[in-house]
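What follows is a short report on a single structure.
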Amino acid sequence: MSDPQVYQYSVKISQTAKGAATVDAHVFSNNLEAARVQAVQLYEQTITDLKSKNLAVASPEAKA
């Protein structure tokens, strides 16, 4: 029997003063390239999920 694969990640969804959602995605891994790819995929999927629910999503520049 093989051990189940564990994904260590976190997603933080906040709200701007104008009511739009902002997303922070973090992936923990020993493989830098894999973590980078997974973080981008997690971020993009979260944005897509929020938009599919007709929620306003702030642009990344709004957080800066």
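By order in the structure tokens, chains are A, B, ...; within a chain, residues start at 1; ligands start at 1, following the order shown.
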
### Which of chain A fall in helix (DSSP H, G or I), as an NGL selection string
:A and (32-52 or 60-63)

### Message
To test your reading of the structure, identify every residue in chain A that backbone DSSP assigns to strand (DSSP E), and report it as a ChimeraX atom specification.
### Response
/A:9-15,21-27

Could you take the residues named above and write them with N, CA and C atoms, as a PDB file, in the first residue's frame?
ATOM      1  N   TYR A   9      -0.619  23.463   1.037  1.00  0.00           N
ATOM      2  CA  TYR A   9      -0.859  24.753   0.422  1.00  0.00           C
ATOM      3  C   TYR A   9      -1.822  25.547   1.283  1.00  0.00           C
ATOM      4  N   SER A  10      -1.855  26.830   1.024  1.00  0.00           N
ATOM      5  CA  SER A  10      -2.859  27.674   1.670  1.00  0.00           C
ATOM      6  C   SER A  10      -3.341  28.705   0.665  1.00  0.00           C
ATOM      7  N   VAL A  11      -4.599  29.072   0.805  1.00  0.00           N
ATOM      8  CA  VAL A  11      -5.193  30.114  -0.023  1.00  0.00           C
ATOM      9  C   VAL A  11      -5.857  31.100   0.922  1.00  0.00           C
ATOM     10  N   LYS A  12      -5.515  32.363   0.781  1.00  0.00           N
ATOM     11  CA  LYS A  12      -6.143  33.411   1.588  1.00  0.00           C
ATOM     12  C   LYS A  12      -6.954  34.294   0.644  1.00  0.00           C
ATOM     13  N   ILE A  13      -8.243  34.428   0.929  1.00  0.00           N
ATOM     14  CA  ILE A  13      -9.113  35.290   0.141  1.00  0.00           C
ATOM     15  C   ILE A  13      -9.547  36.432   1.045  1.00  0.00           C
ATOM     16  N   SER A  14      -9.223  37.657   0.627  1.00  0.00           N
ATOM     17  CA  SER A  14      -9.569  38.857   1.384  1.00  0.00           C
ATOM     18  C   SER A  14     -10.481  39.723   0.537  1.00  0.00           C
ATOM     19  N   GLN A  15     -10.925  40.813   1.117  1.00  0.00           N
ATOM     20  CA  GLN A  15     -11.820  41.722   0.406  1.00  0.00           C
ATOM     21  C   GLN A  15     -11.241  43.127   0.452  1.00  0.00           C
ATOM     22  N   ALA A  21     -12.600  40.691  -4.294  1.00  0.00           N
ATOM     23  CA  ALA A  21     -11.778  39.678  -3.646  1.00  0.00           C
ATOM     24  C   ALA A  21     -10.323  39.805  -4.092  1.00  0.00           C
ATOM     25  N   THR A  22      -9.417  39.542  -3.163  1.00  0.00           N
ATOM     26  CA  THR A  22      -8.003  39.409  -3.490  1.00  0.00           C
ATOM     27  C   THR A  22      -7.580  38.009  -3.056  1.00  0.00           C
ATOM     28  N   VAL A  23      -6.616  37.441  -3.763  1.00  0.00           N
ATOM     29  CA  VAL A  23      -6.214  36.060  -3.515  1.00  0.00           C
ATOM     30  C   VAL A  23      -4.709  35.990  -3.283  1.00  0.00           C
ATOM     31  N   ASP A  24      -4.321  35.261  -2.234  1.00  0.00           N
ATOM     32  CA  ASP A  24      -2.924  34.915  -1.979  1.00  0.00           C
ATOM     33  C   ASP A  24      -2.848  33.396  -1.958  1.00  0.00           C
ATOM     34  N   ALA A  25      -1.962  32.814  -2.752  1.00  0.00           N
ATOM     35  CA  ALA A  25      -1.803  31.361  -2.790  1.00  0.00           C
ATOM     36  C   ALA A  25      -0.365  31.018  -2.425  1.00  0.00           C
ATOM     37  N   HIS A  26      -0.201  30.064  -1.525  1.00  0.00           N
ATOM     38  CA  HIS A  26       1.117  29.633  -1.079  1.00  0.00           C
ATOM     39  C   HIS A  26       1.203  28.119  -1.172  1.00  0.00           C
ATOM     40  N   VAL A  27       2.313  27.628  -1.715  1.00  0.00           N
ATOM     41  CA  VAL A  27       2.548  26.190  -1.825  1.00  0.00           C
ATOM     42  C   VAL A  27       3.883  25.889  -1.158  1.00  0.00           C
TER      43      VAL A  27
END

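Every protein, DNA or RNA residue with an atom at most 9 Å from Gly19 in chain A, where only C-alpha atoms count and chain neighbours fewer than 3 positions away do not, is listed here: Gln15, Thr16, Ala56, Val57 and Ala58 of chain A.
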
Next, write the just-selected residues to a file, as a CSV table (one decimal), in the first residue's frame, keeping all heavy atoms as the atom set.
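Saved as result_10.csv:
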chain,number,residue,atom,x,y,z
A,15,GLN,N,-10.9,40.8,1.1
A,15,GLN,CA,-11.8,41.7,0.4
A,15,GLN,C,-11.2,43.1,0.5
A,15,GLN,O,-10.8,43.6,1.5
A,15,GLN,CB,-13.2,41.7,1.1
A,15,GLN,CG,-14.3,42.4,0.3
A,15,GLN,CD,-15.6,42.2,0.9
A,15,GLN,OE1,-15.7,42.0,2.1
A,15,GLN,NE2,-16.7,42.2,0.1
A,16,THR,N,-11.2,43.8,-0.7
A,16,THR,CA,-10.8,45.2,-0.7
A,16,THR,C,-11.8,46.1,-0.2
A,16,THR,O,-13.0,45.7,0.0
A,16,THR,CB,-10.5,45.6,-2.2
A,16,THR,OG1,-11.7,45.6,-2.9
A,16,THR,CG2,-9.4,44.7,-2.9
A,56,ALA,N,-16.7,39.7,-7.7
A,56,ALA,CA,-15.7,40.7,-8.2
A,56,ALA,C,-14.3,40.3,-7.7
A,56,ALA,O,-14.2,40.0,-6.5
A,56,ALA,CB,-16.0,42.1,-7.8
A,57,VAL,N,-13.3,40.3,-8.6
A,57,VAL,CA,-12.0,40.0,-8.2
A,57,VAL,C,-11.1,41.1,-8.6
A,57,VAL,O,-11.1,41.6,-9.7
A,57,VAL,CB,-11.5,38.7,-8.9
A,57,VAL,CG1,-10.0,38.4,-8.5
A,57,VAL,CG2,-12.4,37.5,-8.6
A,58,ALA,N,-10.3,41.6,-7.6
A,58,ALA,CA,-9.4,42.7,-7.8
A,58,ALA,C,-8.2,42.3,-8.6
A,58,ALA,O,-7.8,41.1,-8.5
A,58,ALA,CB,-8.9,43.3,-6.5

### Query
Which one is closest to Pro60 in chain A: A:Ala20, A:Val37, A:Leu32, A:Leu42? Count only C-alpha atoms.
A:Ala20

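CA of Gln8 in chain A is found 12.4 Å from CA of Asn31 in chain A.
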
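In this model, the gap between CA of Asp49 in chain A and CA of Ala35 in chain A comes to 20.7 Å.
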